[in-house]
file model27.cif (mmCIF, C-alpha atoms)
data_start
loop_
_atom_site.label_atom_id
_atom_site.label_comp_id
_atom_site.auth_asym_id
_atom_site.auth_seq_id
_atom_site.Cartn_x
_atom_site.Cartn_y
_atom_site.Cartn_z
CA MET A 16 -24.87 -28.55 30.27
CA LEU A 17 -21.48 -28.94 31.92
CA HIS A 18 -18.79 -31.06 30.24
CA SER A 19 -15.33 -32.02 31.42
CA PHE A 20 -12.33 -33.03 29.28
CA ASP A 21 -8.60 -33.27 29.58
CA VAL A 22 -8.16 -30.83 26.68
CA LEU A 23 -10.46 -28.52 24.75
CA VAL A 24 -9.06 -27.39 21.39
CA ILE A 25 -10.58 -24.18 20.07
CA GLY A 26 -10.22 -24.24 16.29
CA THR A 27 -10.11 -27.08 13.77
CA GLY A 28 -7.54 -25.90 11.23
CA THR A 29 -4.26 -27.65 10.56
CA ALA A 30 -2.82 -26.70 13.98
CA GLY A 31 -5.86 -27.73 16.02
CA TYR A 32 -6.35 -30.87 13.95
CA THR A 33 -2.74 -32.04 14.37
CA LEU A 34 -2.71 -31.37 18.12
CA ALA A 35 -6.13 -32.89 18.86
CA LEU A 36 -5.30 -36.15 17.08
CA ALA A 37 -1.91 -36.39 18.80
CA LEU A 38 -3.42 -35.94 22.26
CA SER A 39 -6.28 -38.35 21.57
CA LYS A 40 -3.83 -40.98 20.32
CA ALA A 41 -1.94 -40.57 23.59
CA GLY A 42 -5.09 -41.42 25.55
CA ARG A 43 -6.32 -37.98 26.54
CA GLN A 44 -10.01 -37.09 26.50
CA VAL A 45 -10.18 -34.38 23.86
CA ALA A 46 -12.90 -32.09 22.55
CA VAL A 47 -12.79 -29.61 19.69
CA VAL A 48 -14.93 -26.60 18.90
CA ASP A 49 -15.25 -24.27 15.92
CA GLN A 50 -17.70 -21.49 15.11
CA LEU A 51 -17.07 -22.04 11.39
CA PRO A 52 -17.28 -25.24 9.33
CA TYR A 53 -14.49 -27.58 10.37
CA GLY A 54 -11.22 -27.33 8.46
CA GLY A 55 -9.65 -23.98 9.25
CA THR A 56 -8.01 -21.23 7.22
CA CYS A 57 -5.43 -23.21 5.22
CA ALA A 58 -7.79 -25.84 3.86
CA MET A 59 -10.91 -23.69 3.50
CA ARG A 60 -9.84 -20.08 2.91
CA GLY A 61 -6.09 -20.03 2.34
CA CYS A 62 -3.26 -22.30 1.15
CA GLN A 63 -5.21 -25.04 -0.59
CA PRO A 64 -7.98 -23.14 -2.43
CA LYS A 65 -5.50 -20.42 -3.34
CA LYS A 66 -3.17 -22.99 -4.90
CA TYR A 67 -6.04 -24.27 -7.10
CA LEU A 68 -6.26 -20.78 -8.58
CA VAL A 69 -2.49 -20.27 -8.68
CA ALA A 70 -1.98 -23.53 -10.58
CA ALA A 71 -4.48 -22.50 -13.27
CA ALA A 72 -2.93 -19.04 -13.53
CA GLU A 73 0.51 -20.61 -13.88
CA VAL A 74 -0.64 -22.68 -16.87
CA ALA A 75 -2.20 -19.59 -18.48
CA GLN A 76 0.95 -17.56 -17.92
CA LEU A 77 3.25 -20.30 -19.19
CA SER A 78 1.21 -20.66 -22.37
CA HIS A 79 1.39 -16.90 -22.88
CA GLN A 80 5.15 -16.63 -22.41
CA MET A 81 5.70 -19.70 -24.61
CA SER A 82 3.51 -18.43 -27.40
CA GLU A 83 6.59 -17.34 -29.34
CA ILE A 84 8.32 -20.70 -28.99
CA GLY A 85 5.66 -23.07 -30.25
CA ILE A 86 2.63 -23.10 -27.94
CA HIS A 87 -0.66 -22.23 -29.68
CA PRO A 88 -3.31 -21.29 -28.85
CA GLU A 89 -2.75 -19.56 -25.53
CA ALA A 90 -4.60 -21.09 -22.59
CA LYS A 91 -7.60 -19.21 -21.22
CA ILE A 92 -9.05 -19.55 -17.73
CA ASP A 93 -12.70 -20.57 -17.45
CA TRP A 94 -13.34 -18.88 -14.11
CA PRO A 95 -16.65 -20.58 -13.18
CA ALA A 96 -15.20 -24.00 -14.03
CA LEU A 97 -12.06 -23.24 -12.02
CA MET A 98 -14.13 -22.22 -9.00
CA ARG A 99 -16.19 -25.41 -9.27
CA SER A 100 -12.97 -27.40 -9.18
CA LYS A 101 -11.76 -25.46 -6.15
CA SER A 102 -15.10 -25.84 -4.38
CA ALA A 103 -15.17 -29.58 -4.99
CA PHE A 104 -12.13 -29.72 -2.72
CA THR A 105 -13.13 -27.19 -0.06
CA ASP A 106 -16.75 -28.35 0.21
CA ALA A 107 -15.60 -31.81 1.25
CA VAL A 108 -13.20 -30.60 3.96
CA PRO A 109 -15.63 -30.10 6.89
CA GLU A 110 -17.21 -33.55 6.68
CA ARG A 111 -13.85 -35.24 6.14
CA THR A 112 -12.38 -33.40 9.14
CA GLU A 113 -15.30 -34.33 11.38
CA ARG A 114 -15.04 -37.99 10.37
CA SER A 115 -11.36 -38.02 11.31
CA PHE A 116 -12.12 -36.53 14.73
CA GLU A 117 -14.99 -38.94 15.37
CA LYS A 118 -12.88 -41.93 14.35
CA ALA A 119 -10.28 -40.80 16.91
CA GLY A 120 -12.92 -40.58 19.66
CA ILE A 121 -12.80 -36.80 19.89
CA HIS A 122 -15.94 -34.96 21.04
CA LEU A 123 -17.23 -32.34 18.58
CA PHE A 124 -18.79 -28.98 19.42
CA HIS A 125 -20.10 -26.38 16.98
CA GLY A 126 -20.47 -22.76 17.99
CA SER A 127 -18.69 -19.72 19.30
CA ALA A 128 -16.42 -20.35 22.31
CA ARG A 129 -15.54 -17.79 24.97
CA PHE A 130 -13.82 -17.95 28.31
CA SER A 131 -16.03 -17.42 31.35
CA SER A 132 -13.12 -17.96 33.76
CA PRO A 133 -9.50 -19.16 33.57
CA GLY A 134 -10.73 -22.77 33.80
CA GLU A 135 -14.00 -22.76 31.88
CA VAL A 136 -15.25 -22.03 28.37
CA VAL A 137 -18.82 -21.39 27.30
CA ILE A 138 -19.91 -22.65 23.88
CA GLY A 139 -22.96 -20.94 22.49
CA ASP A 140 -25.57 -20.37 25.17
CA GLU A 141 -25.93 -23.83 26.68
CA GLU A 142 -22.63 -25.72 26.79
CA ASN A 143 -20.03 -25.17 29.52
CA VAL A 144 -16.68 -26.93 29.23
CA GLN A 145 -14.11 -27.38 31.95
CA ALA A 146 -10.70 -28.78 31.04
CA GLU A 147 -7.25 -29.34 32.39
CA HIS A 148 -5.89 -27.54 29.36
CA PHE A 149 -7.29 -25.27 26.66
CA VAL A 150 -5.53 -24.85 23.33
CA ILE A 151 -6.30 -21.77 21.27
CA ALA A 152 -5.90 -22.61 17.58
CA THR A 153 -8.38 -20.20 16.03
CA GLY A 154 -6.19 -19.14 13.12
CA SER A 155 -6.33 -15.71 11.51
CA ARG A 156 -8.71 -13.36 9.76
CA PRO A 157 -8.24 -10.42 7.37
CA ALA A 158 -6.92 -7.35 9.18
CA PRO A 159 -9.64 -4.67 9.15
CA LEU A 160 -9.03 -1.29 7.53
CA ASN A 161 -10.97 1.52 9.16
CA PHE A 162 -11.41 3.96 6.27
CA PRO A 163 -14.58 5.78 5.28
CA GLY A 164 -16.43 3.39 3.00
CA ALA A 165 -14.48 0.37 4.22
CA GLU A 166 -17.66 -1.69 4.09
CA LEU A 167 -17.30 -1.63 0.28
CA MET A 168 -14.12 -3.67 0.48
CA SER A 169 -13.94 -7.41 -0.07
CA THR A 170 -11.50 -9.79 1.63
CA SER A 171 -9.24 -12.51 0.31
CA ASP A 172 -11.91 -14.96 1.53
CA ASP A 173 -14.41 -13.24 -0.77
CA PHE A 174 -12.01 -13.36 -3.72
CA LEU A 175 -11.54 -17.11 -3.29
CA SER A 176 -15.32 -17.56 -3.58
CA LEU A 177 -16.03 -15.33 -6.60
CA SER A 178 -18.57 -16.90 -8.96
CA SER A 179 -17.46 -14.53 -11.71
CA LEU A 180 -14.37 -12.35 -12.07
CA PRO A 181 -14.83 -8.55 -12.05
CA ARG A 182 -13.31 -6.63 -14.96
CA ARG A 183 -11.22 -4.28 -12.78
CA ILE A 184 -9.80 -5.21 -9.36
CA LEU A 185 -7.92 -2.99 -6.93
CA PHE A 186 -5.83 -4.55 -4.14
CA ILE A 187 -5.00 -2.56 -1.01
CA GLY A 188 -1.56 -3.48 0.37
CA GLY A 189 1.62 -4.82 -1.21
CA GLY A 190 2.00 -8.01 0.80
CA TYR A 191 1.93 -11.62 -0.33
CA ILE A 192 -1.88 -11.85 -0.36
CA SER A 193 -2.24 -8.99 -2.84
CA LEU A 194 0.64 -10.18 -5.03
CA GLU A 195 -0.64 -13.73 -5.27
CA LEU A 196 -4.27 -12.88 -5.96
CA ALA A 197 -3.32 -10.05 -8.32
CA HIS A 198 -1.36 -12.48 -10.51
CA VAL A 199 -4.30 -14.90 -10.51
CA ALA A 200 -6.74 -12.15 -11.47
CA ARG A 201 -4.46 -10.81 -14.20
CA ALA A 202 -3.92 -14.27 -15.69
CA ALA A 203 -7.70 -14.67 -15.79
CA GLY A 204 -8.07 -11.42 -17.73
CA ALA A 205 -8.86 -8.75 -15.14
CA ALA A 206 -7.24 -5.32 -15.09
CA VAL A 207 -5.32 -5.19 -11.80
CA THR A 208 -3.91 -2.40 -9.64
CA ILE A 209 -2.10 -2.69 -6.31
CA LEU A 210 -1.88 0.29 -3.95
CA HIS A 211 0.84 0.09 -1.31
CA ARG A 212 1.63 2.69 1.33
CA GLY A 213 5.32 1.77 1.58
CA GLU A 214 8.03 2.47 -0.95
CA ARG A 215 8.51 -1.21 -1.81
CA ILE A 216 6.34 -4.28 -1.81
CA LEU A 217 6.93 -7.41 0.30
CA LYS A 218 9.06 -5.71 2.93
CA ARG A 219 10.02 -8.99 4.62
CA PHE A 220 11.66 -10.31 1.47
CA ASP A 221 15.00 -9.38 -0.04
CA ALA A 222 14.72 -5.86 -1.46
CA GLU A 223 16.57 -6.60 -4.69
CA LEU A 224 14.34 -9.51 -5.59
CA THR A 225 11.12 -7.67 -4.74
CA VAL A 226 12.14 -4.98 -7.22
CA ARG A 227 12.61 -7.65 -9.86
CA LEU A 228 9.25 -9.22 -9.03
CA ALA A 229 7.64 -5.80 -9.41
CA GLU A 230 9.26 -5.52 -12.85
CA ALA A 231 7.87 -8.93 -13.81
CA ALA A 232 4.41 -7.93 -12.56
CA HIS A 233 4.56 -4.71 -14.59
CA ALA A 234 5.48 -6.72 -17.69
CA ARG A 235 2.32 -8.78 -17.14
CA GLY A 236 0.18 -5.65 -16.99
CA ILE A 237 -0.18 -5.37 -13.20
CA VAL A 238 -0.04 -1.76 -12.03
CA ILE A 239 1.74 -1.31 -8.68
CA VAL A 240 1.53 2.13 -7.07
CA THR A 241 3.78 2.60 -4.04
CA GLY A 242 4.02 5.40 -1.50
CA ILE A 243 0.29 5.98 -1.41
CA ASN A 244 -2.15 5.63 1.47
CA ALA A 245 -5.70 4.68 0.57
CA CYS A 246 -7.98 6.83 2.71
CA SER A 247 -11.58 6.41 1.53
CA PHE A 248 -13.87 4.41 -0.74
CA GLU A 249 -17.19 5.21 -2.38
CA ARG A 250 -19.55 4.11 -5.13
CA TYR A 251 -19.65 6.36 -8.17
CA ARG A 252 -21.65 5.77 -11.35
CA GLY A 253 -21.73 2.01 -10.94
CA ALA A 254 -18.05 1.67 -10.07
CA LEU A 255 -15.98 1.75 -6.87
CA MET A 256 -13.70 4.72 -6.28
CA THR A 257 -10.64 4.59 -4.06
CA TYR A 258 -9.01 7.83 -2.96
CA GLY A 259 -5.51 8.37 -1.62
CA ALA A 260 -2.36 10.51 -1.65
CA ALA A 261 -2.08 14.02 -0.22
CA GLY A 262 -5.48 15.42 0.61
CA CYS A 263 -7.12 12.15 -0.40
CA THR A 264 -7.54 13.54 -3.92
CA GLU A 265 -6.02 10.93 -6.23
CA SER A 266 -8.67 8.48 -7.45
CA PHE A 267 -8.59 4.89 -8.69
CA VAL A 268 -11.61 3.24 -10.28
CA SER A 269 -12.42 -0.46 -10.02
CA ASP A 270 -15.26 -2.96 -9.86
CA MET A 271 -13.89 -4.68 -6.75
CA ILE A 272 -11.63 -3.59 -3.92
CA VAL A 273 -9.77 -6.34 -2.06
CA ASN A 274 -8.28 -5.79 1.37
CA GLY A 275 -4.85 -7.38 0.99
CA GLY A 276 -3.45 -5.71 4.07
CA GLY A 277 -2.54 -8.93 5.84
CA ARG A 278 -4.14 -11.16 8.46
CA ILE A 279 -4.35 -10.99 12.25
CA ALA A 280 -5.03 -13.54 14.97
CA ASP A 281 -8.74 -14.37 15.15
CA LEU A 282 -9.31 -13.87 18.89
CA GLU A 283 -12.09 -11.29 19.19
CA SER A 284 -14.87 -13.64 20.29
CA LEU A 285 -12.88 -15.52 22.95
CA ASP A 286 -13.10 -12.99 25.81
CA LEU A 287 -9.46 -13.61 26.68
CA GLU A 288 -9.63 -11.19 29.58
CA ALA A 289 -12.16 -13.41 31.37
CA GLY A 290 -9.79 -16.33 30.83
CA GLY A 291 -6.82 -14.45 32.21
CA VAL A 292 -5.06 -14.79 28.86
CA GLU A 293 -2.80 -11.94 27.76
CA ARG A 294 -2.87 -10.80 24.17
CA VAL A 295 -0.15 -8.92 22.31
CA PRO A 296 -0.36 -7.41 18.80
CA ARG A 297 0.49 -10.64 16.96
CA GLY A 298 -1.67 -12.96 19.06
CA VAL A 299 -1.78 -14.75 22.41
CA ALA A 300 1.34 -14.01 24.46
CA VAL A 301 3.16 -17.32 24.97
CA ASN A 302 6.38 -18.49 26.56
CA GLN A 303 9.00 -20.61 24.81
CA TYR A 304 6.81 -23.68 25.27
CA LEU A 305 3.73 -22.07 23.60
CA GLN A 306 2.01 -21.78 26.96
CA SER A 307 0.11 -18.61 27.84
CA THR A 308 2.28 -16.27 29.90
CA THR A 309 -0.63 -15.48 32.20
CA ASN A 310 -2.77 -18.65 32.34
CA PRO A 311 -0.76 -21.91 32.57
CA ARG A 312 -3.80 -23.98 31.57
CA VAL A 313 -3.81 -22.38 28.15
CA TYR A 314 -1.58 -23.02 25.12
CA ALA A 315 -1.80 -21.21 21.79
CA ILE A 316 -0.57 -22.40 18.41
CA GLY A 317 -0.62 -21.42 14.74
CA ASP A 318 -1.71 -17.99 13.63
CA ALA A 319 -3.45 -17.44 16.98
CA CYS A 320 -0.21 -17.16 18.95
CA ASP A 321 2.59 -14.60 19.02
CA SER A 322 4.68 -16.34 16.37
CA PRO A 323 7.18 -15.02 13.82
CA TYR A 324 5.43 -16.85 10.96
CA GLN A 325 1.89 -17.32 9.66
CA LEU A 326 2.54 -20.57 7.81
CA ALA A 327 0.80 -23.94 7.85
CA THR A 328 4.10 -25.78 8.24
CA VAL A 329 4.95 -23.71 11.31
CA ALA A 330 1.45 -24.26 12.73
CA ASP A 331 1.84 -28.05 12.42
CA MET A 332 5.25 -27.92 14.09
CA GLN A 333 3.84 -25.81 16.93
CA ALA A 334 0.97 -28.29 17.34
CA GLU A 335 3.43 -31.15 17.79
CA VAL A 336 5.46 -29.10 20.29
CA ALA A 337 2.41 -28.08 22.33
CA ALA A 338 1.04 -31.63 22.34
CA PHE A 339 4.35 -32.96 23.68
CA ASN A 340 4.48 -30.29 26.39
CA ILE A 341 0.90 -30.97 27.49
CA LEU A 342 1.65 -34.69 27.72
CA HIS A 343 5.11 -34.56 29.30
CA GLY A 344 5.48 -31.13 30.88
CA ASN A 345 7.17 -28.16 29.28
CA GLN A 346 10.35 -29.51 27.73
CA VAL A 347 10.33 -28.64 24.02
CA ALA A 348 10.38 -25.27 22.26
CA PRO A 349 9.49 -24.63 18.61
CA ASP A 350 12.42 -24.44 16.20
CA TYR A 351 12.08 -21.50 13.82
CA ALA A 352 15.41 -22.01 12.08
CA ALA A 353 15.44 -22.24 8.28
CA VAL A 354 11.73 -21.77 7.62
CA PRO A 355 11.17 -21.30 3.86
CA THR A 356 8.39 -19.05 2.62
CA VAL A 357 6.98 -18.46 -0.85
CA VAL A 358 4.98 -15.80 -2.63
CA PHE A 359 3.02 -17.73 -5.25
CA SER A 360 3.20 -15.02 -7.88
CA HIS A 361 4.23 -15.57 -11.50
CA PRO A 362 7.10 -16.15 -11.32
CA PRO A 363 7.13 -17.24 -7.67
CA LEU A 364 9.42 -15.60 -5.13
CA ALA A 365 10.93 -17.93 -2.52
CA SER A 366 13.11 -17.16 0.48
CA VAL A 367 14.82 -18.81 3.43
CA GLY A 368 17.27 -17.44 5.97
CA VAL A 369 18.54 -13.89 6.22
CA THR A 370 18.38 -11.19 3.58
CA GLU A 371 21.48 -9.32 2.50
CA GLU A 372 20.37 -6.31 4.53
CA GLN A 373 19.93 -8.43 7.66
CA ALA A 374 23.30 -10.11 7.17
CA LEU A 375 25.03 -6.75 6.89
CA LYS A 376 23.40 -5.52 10.09
CA SER A 377 24.35 -8.70 11.96
CA GLY A 378 28.04 -8.24 11.28
CA ALA A 379 28.34 -11.73 9.80
CA ARG A 380 31.20 -12.47 7.41
CA PHE A 381 29.66 -13.63 4.16
CA ARG A 382 29.77 -13.44 0.41
CA VAL A 383 26.88 -13.10 -2.02
CA ASN A 384 26.32 -15.09 -5.19
CA ARG A 385 23.75 -13.32 -7.34
CA GLY A 386 22.68 -13.17 -10.93
CA SER A 387 19.99 -13.32 -13.56
CA MET A 388 18.73 -16.73 -14.67
CA ALA A 389 16.82 -15.35 -17.67
CA ASN A 390 19.29 -16.82 -20.18
CA TRP A 391 19.72 -20.16 -18.46
CA PRO A 392 18.27 -23.16 -20.36
CA SER A 393 15.68 -23.68 -17.61
CA SER A 394 14.31 -20.22 -18.36
CA ARG A 395 14.75 -20.20 -22.14
CA ARG A 396 12.83 -23.41 -22.66
CA ILE A 397 9.72 -21.89 -21.06
CA GLY A 398 10.11 -18.35 -22.38
CA GLN A 399 10.86 -16.94 -18.93
CA GLN A 400 12.28 -13.42 -19.00
CA HIS A 401 12.31 -12.63 -15.27
CA ALA A 402 14.39 -14.93 -13.08
CA TYR A 403 17.04 -14.12 -10.49
CA PHE A 404 18.89 -15.70 -7.60
CA LYS A 405 20.79 -14.49 -4.56
CA VAL A 406 22.56 -16.87 -2.17
CA LEU A 407 24.43 -15.76 0.96
CA LEU A 408 27.30 -18.05 2.00
CA GLU A 409 29.22 -17.80 5.25
CA ALA A 410 32.84 -16.83 4.65
CA GLY A 411 35.21 -19.70 5.31
CA THR A 412 32.66 -22.47 5.92
CA GLY A 413 30.46 -22.07 2.84
CA LYS A 414 27.31 -22.67 4.92
CA VAL A 415 24.12 -21.18 3.52
CA LEU A 416 22.96 -18.13 5.49
CA GLY A 417 20.14 -17.19 3.15
CA ALA A 418 18.74 -17.98 -0.28
CA HIS A 419 16.34 -15.90 -2.36
CA LEU A 420 14.97 -17.15 -5.67
CA LEU A 421 12.69 -15.61 -8.28
CA GLY A 422 11.61 -17.86 -11.11
CA HIS A 423 9.65 -20.89 -12.21
CA GLY A 424 10.33 -23.77 -9.80
CA ALA A 425 11.63 -21.49 -7.04
CA GLU A 426 8.99 -22.78 -4.64
CA GLU A 427 10.49 -26.27 -4.92
CA ALA A 428 14.19 -25.39 -5.16
CA ILE A 429 14.03 -23.29 -1.98
CA ASN A 430 13.40 -26.46 0.03
CA ILE A 431 16.90 -27.72 -0.82
CA PHE A 432 18.41 -24.55 0.64
CA ALA A 433 16.18 -24.90 3.72
CA MET A 434 17.41 -28.47 4.22
CA ALA A 435 21.02 -27.35 3.84
CA MET A 436 20.54 -24.66 6.50
CA LYS A 437 18.68 -26.97 8.85
CA PHE A 438 21.42 -29.59 8.84
CA GLY A 439 24.47 -27.37 8.41
CA LEU A 440 25.35 -28.49 4.89
CA THR A 441 27.93 -26.42 3.03
CA ASN A 442 28.10 -25.38 -0.61
CA ARG A 443 30.67 -28.15 -1.06
CA ASP A 444 28.21 -30.72 0.31
CA LEU A 445 25.49 -29.53 -2.06
CA LYS A 446 27.80 -29.64 -5.07
CA ARG A 447 28.59 -33.30 -4.34
CA VAL A 448 24.96 -34.30 -4.94
CA LEU A 449 24.16 -35.59 -8.42
CA TRP A 450 20.86 -33.76 -8.91
CA ALA A 451 18.46 -35.07 -11.56
CA TYR A 452 19.26 -33.08 -14.68
CA PRO A 453 18.09 -30.89 -16.31
CA THR A 454 15.76 -29.63 -13.60
CA HIS A 455 15.24 -26.38 -11.74
CA VAL A 456 16.84 -27.95 -8.67
CA SER A 457 19.93 -28.94 -10.66
CA ASP A 458 20.44 -25.21 -11.37
CA LEU A 459 21.38 -24.94 -7.70
CA LYS A 460 24.99 -25.91 -8.42
CA TYR A 461 25.43 -22.71 -10.45
CA MET A 462 24.25 -20.59 -7.50
CA ILE A 463 26.67 -21.86 -4.86
CA SER A 464 30.07 -21.90 -6.54
#
call {"tool": "encode", "arguments": {"input": "model27.cif", "output": "structure tokens"}}
result
Amino acid sequence: MLHSFDVLVIGTGTAGYTLALALSKAGRQVAVVDQLPYGGTCAMRGCQPKKYLVAAAEVAQLSHQMSEIGIHPEAKIDWPALMRSKSAFTDAVPERTERSFEKAGIHLFHGSARFSSPGEVVIGDEENVQAEHFVIATGSRPAPLNFPGAELMSTSDDFLSLSSLPRRILFIGGGYISLELAHVARAAGAAVTILHRGERILKRFDAELTVRLAEAAHARGIVIVTGINACSFERYRGALMTYGAAGCTESFVSDMIVNGGGRIADLESLDLEAGGVERVPRGVAVNQYLQSTTNPRVYAIGDACDSPYQLATVADMQAEVAAFNILHGNQVAPDYAAVPTVVFSHPPLASVGVTEEQALKSGARFRVNRGSMANWPSSRRIGQQHAYFKVLLEAGTGKVLGAHLLGHGAEEAINIFAMAMKFGLTNRDLKRVLWAYPTHVSDLKYMIS
């Protein structure tokens, strides 16, 4: 059957959802399609379910570190109960998402979509859709690792659906996925090891703070092995064996291996070549307006496009930009200035702006405020032993060039620095604010003097 719409949105995650509703509200005839249950990566397999687990792990960790200052007994995680709580949220997402689309008058398709030509998409075996514009918002999927025995590996999606927690878990890769899930697993009682091929974890974050996070992880019993390439996996006497290092001879035993090597744009099923849509390593090649560089009828947003960030906030912003450009012609470009990002470890690591290394390479004139927060009241009252800050201020103006925080509450405090950068506020402006006290945000005034 042949259908015709103004816009077909491929993908129903936060980016596709935001864009489809905006276009429908503006009077466009919109259809959406997804080969998975509606809701996308963030709501179903990423940000939201992960945060359910992170929140529980945070309580367990806080009770542990406060056990010497009056908290007894220590909190224990009931894994099956925690997963039921998480599932109560995720299980309701598809139906809730579909209801929102239907209420907005958006046509729903279910099935795998692929381009048959630059102006037509086939859904399943029977539905053909022509549209004035197509928007690719298919999100991301775990990056595959092609080692012998790779089929024995689990993904972050699998981890977020575990009915019971294995006793020993090995994470491949030292990125944010491994660090976050490793802290959850450790707080729940598993023995955890992270193997990372580079010399330091979290290479996109400030080097000094990643070292301090690694120290905090070690203190919690997480083993991080750097400078080692995993090269094969096998079953051995009821366990899983991972081999690496020179000659693939060093072995690591576990009950579960999780591929934490990052995520890539989920584009394999789309037959982009038939649609005349160019792909580059990070996703669909787009111009400054998020329009395909090779097919002007196509836009790409979120993790599916060639974007510097894989973040839900960025995906929503891109959706608003693409919707405006579809409605009014290409006029608006996404603004990637001052985008904060957080590793939800324990303690969390938060960052916005440039690192010290990047600032040095840029030739900017700046000074660095840095120091431990372990003895500050905000740390002492919760038994926190690993906390650090680094703030880069432009010489002369006092504008924030970058901020990097490790410690409880960092994921909230970093938003103040992001706001300051976005609107050009100086350290003097920030010091004039009477922050609610004592809070983690009120500690900011000690970081910017």
call {"tool": "resolve_selection", "arguments": {"input": "model27.cif", "expression": "the PyMOL selection byres ((chain A and resi 267) around 12)", "output": "PyMOL selection string"}}
result
chain A and resi 183-187+207-210+238+240+243+245-251+254-260+263-266+268-272
call {"tool": "resolve_selection", "arguments": {"input": "model27.cif", "expression": "the PyMOL selection byres ((chain A and resi 174) around 10)", "output": "PDB file with C-alpha atoms, in the coordinates of the input"}}
result
ATOM      1  CA  ARG A  60      -9.840 -20.080   2.910  1.00  0.00           C
ATOM      2  CA  LYS A  65      -5.500 -20.420  -3.340  1.00  0.00           C
ATOM      3  CA  SER A 169     -13.940  -7.410  -0.070  1.00  0.00           C
ATOM      4  CA  THR A 170     -11.500  -9.790   1.630  1.00  0.00           C
ATOM      5  CA  SER A 171      -9.240 -12.510   0.310  1.00  0.00           C
ATOM      6  CA  ASP A 172     -11.910 -14.960   1.530  1.00  0.00           C
ATOM      7  CA  ASP A 173     -14.410 -13.240  -0.770  1.00  0.00           C
ATOM      8  CA  LEU A 175     -11.540 -17.110  -3.290  1.00  0.00           C
ATOM      9  CA  SER A 176     -15.320 -17.560  -3.580  1.00  0.00           C
ATOM     10  CA  LEU A 177     -16.030 -15.330  -6.600  1.00  0.00           C
ATOM     11  CA  SER A 178     -18.570 -16.900  -8.960  1.00  0.00           C
ATOM     12  CA  SER A 179     -17.460 -14.530 -11.710  1.00  0.00           C
ATOM     13  CA  LEU A 180     -14.370 -12.350 -12.070  1.00  0.00           C
ATOM     14  CA  LEU A 196      -4.270 -12.880  -5.960  1.00  0.00           C
ATOM     15  CA  ALA A 200      -6.740 -12.150 -11.470  1.00  0.00           C
ATOM     16  CA  MET A 271     -13.890  -4.680  -6.750  1.00  0.00           C
ATOM     17  CA  ILE A 272     -11.630  -3.590  -3.920  1.00  0.00           C
ATOM     18  CA  VAL A 273      -9.770  -6.340  -2.060  1.00  0.00           C
ATOM     19  CA  ASN A 274      -8.280  -5.790   1.370  1.00  0.00           C
TER      20      ASN A 274
END
call {"tool": "atom_distance", "arguments": {"input": "model27.cif", "atom1": "CA of Ser155 (chain A)", "atom2": "CA of Leu97 (chain A)"}}
result
25.4 Å
call {"tool": "closest_residue", "arguments": {"input": "model27.cif", "among": "A:Thr454, A:Ala197, A:Val150, A:Gly213", "to": "Arg396 (chain A)", "atoms": "all atoms listed in the file"}}
result
A:Thr454
call {"tool": "residues_around", "arguments": {"input": "model27.cif", "residues": "Glu113 (chain A)", "least_positions_apart": "2", "cutoff": "10 Å", "atoms": "all atoms listed in the file", "output": "list in words"}}
result
Thr27, Tyr32, Val47, Pro52, Tyr53, Gly54, Val108, Pro109, Glu110, Arg111, Ser115, Phe116, Glu117, Lys118, Ala119, Ile121, His122 and Leu123 of chain A
call {"tool": "closest_residue", "arguments": {"input": "model27.cif", "among": "A:Ala330, A:Leu416, A:Leu38, A:Val301", "to": "Thr56 (chain A)", "atoms": "all atoms listed in the file"}}
result
A:Ala330
call {"tool": "closest_residue", "arguments": {"input": "model27.cif", "among": "A:Ser193, A:Asn302, A:Ser131, A:Gln50", "to": "Pro349 (chain A)", "atoms": "only C-alpha atoms"}}
result
A:Asn302
call {"tool": "resolve_selection", "arguments": {"input": "model27.cif", "expression": "the PyMOL selection byres ((chain A and resi 358) around 10)", "output": "list in words"}}
result
Gly190, Tyr191, Ile192, Ser193, Leu194, Glu195, Leu217, Phe220, Thr356, Val357, Phe359, Ser360, His361, Pro362, Pro363, Leu364, Ala365, Ser366, Leu421, Ala425 and Glu426 of chain A
call {"tool": "write_last_selection", "arguments": {"input": "model27.cif", "atoms": "C-alpha atoms", "output": "mmCIF file, in the frame of the given file"}}
result
data_model
loop_
_atom_site.group_PDB
_atom_site.id
_atom_site.type_symbol
_atom_site.label_atom_id
_atom_site.label_comp_id
_atom_site.auth_asym_id
_atom_site.auth_seq_id
_atom_site.Cartn_x
_atom_site.Cartn_y
_atom_site.Cartn_z
ATOM 1 C CA GLY A 190 2.000 -8.010 0.800
ATOM 2 C CA TYR A 191 1.930 -11.620 -0.330
ATOM 3 C CA ILE A 192 -1.880 -11.850 -0.360
ATOM 4 C CA SER A 193 -2.240 -8.990 -2.840
ATOM 5 C CA LEU A 194 0.640 -10.180 -5.030
ATOM 6 C CA GLU A 195 -0.640 -13.730 -5.270
ATOM 7 C CA LEU A 217 6.930 -7.410 0.300
ATOM 8 C CA PHE A 220 11.660 -10.310 1.470
ATOM 9 C CA THR A 356 8.390 -19.050 2.620
ATOM 10 C CA VAL A 357 6.980 -18.460 -0.850
ATOM 11 C CA PHE A 359 3.020 -17.730 -5.250
ATOM 12 C CA SER A 360 3.200 -15.020 -7.880
ATOM 13 C CA HIS A 361 4.230 -15.570 -11.500
ATOM 14 C CA PRO A 362 7.100 -16.150 -11.320
ATOM 15 C CA PRO A 363 7.130 -17.240 -7.670
ATOM 16 C CA LEU A 364 9.420 -15.600 -5.130
ATOM 17 C CA ALA A 365 10.930 -17.930 -2.520
ATOM 18 C CA SER A 366 13.110 -17.160 0.480
ATOM 19 C CA LEU A 421 12.690 -15.610 -8.280
ATOM 20 C CA ALA A 425 11.630 -21.490 -7.040
ATOM 21 C CA GLU A 426 8.990 -22.780 -4.640
#
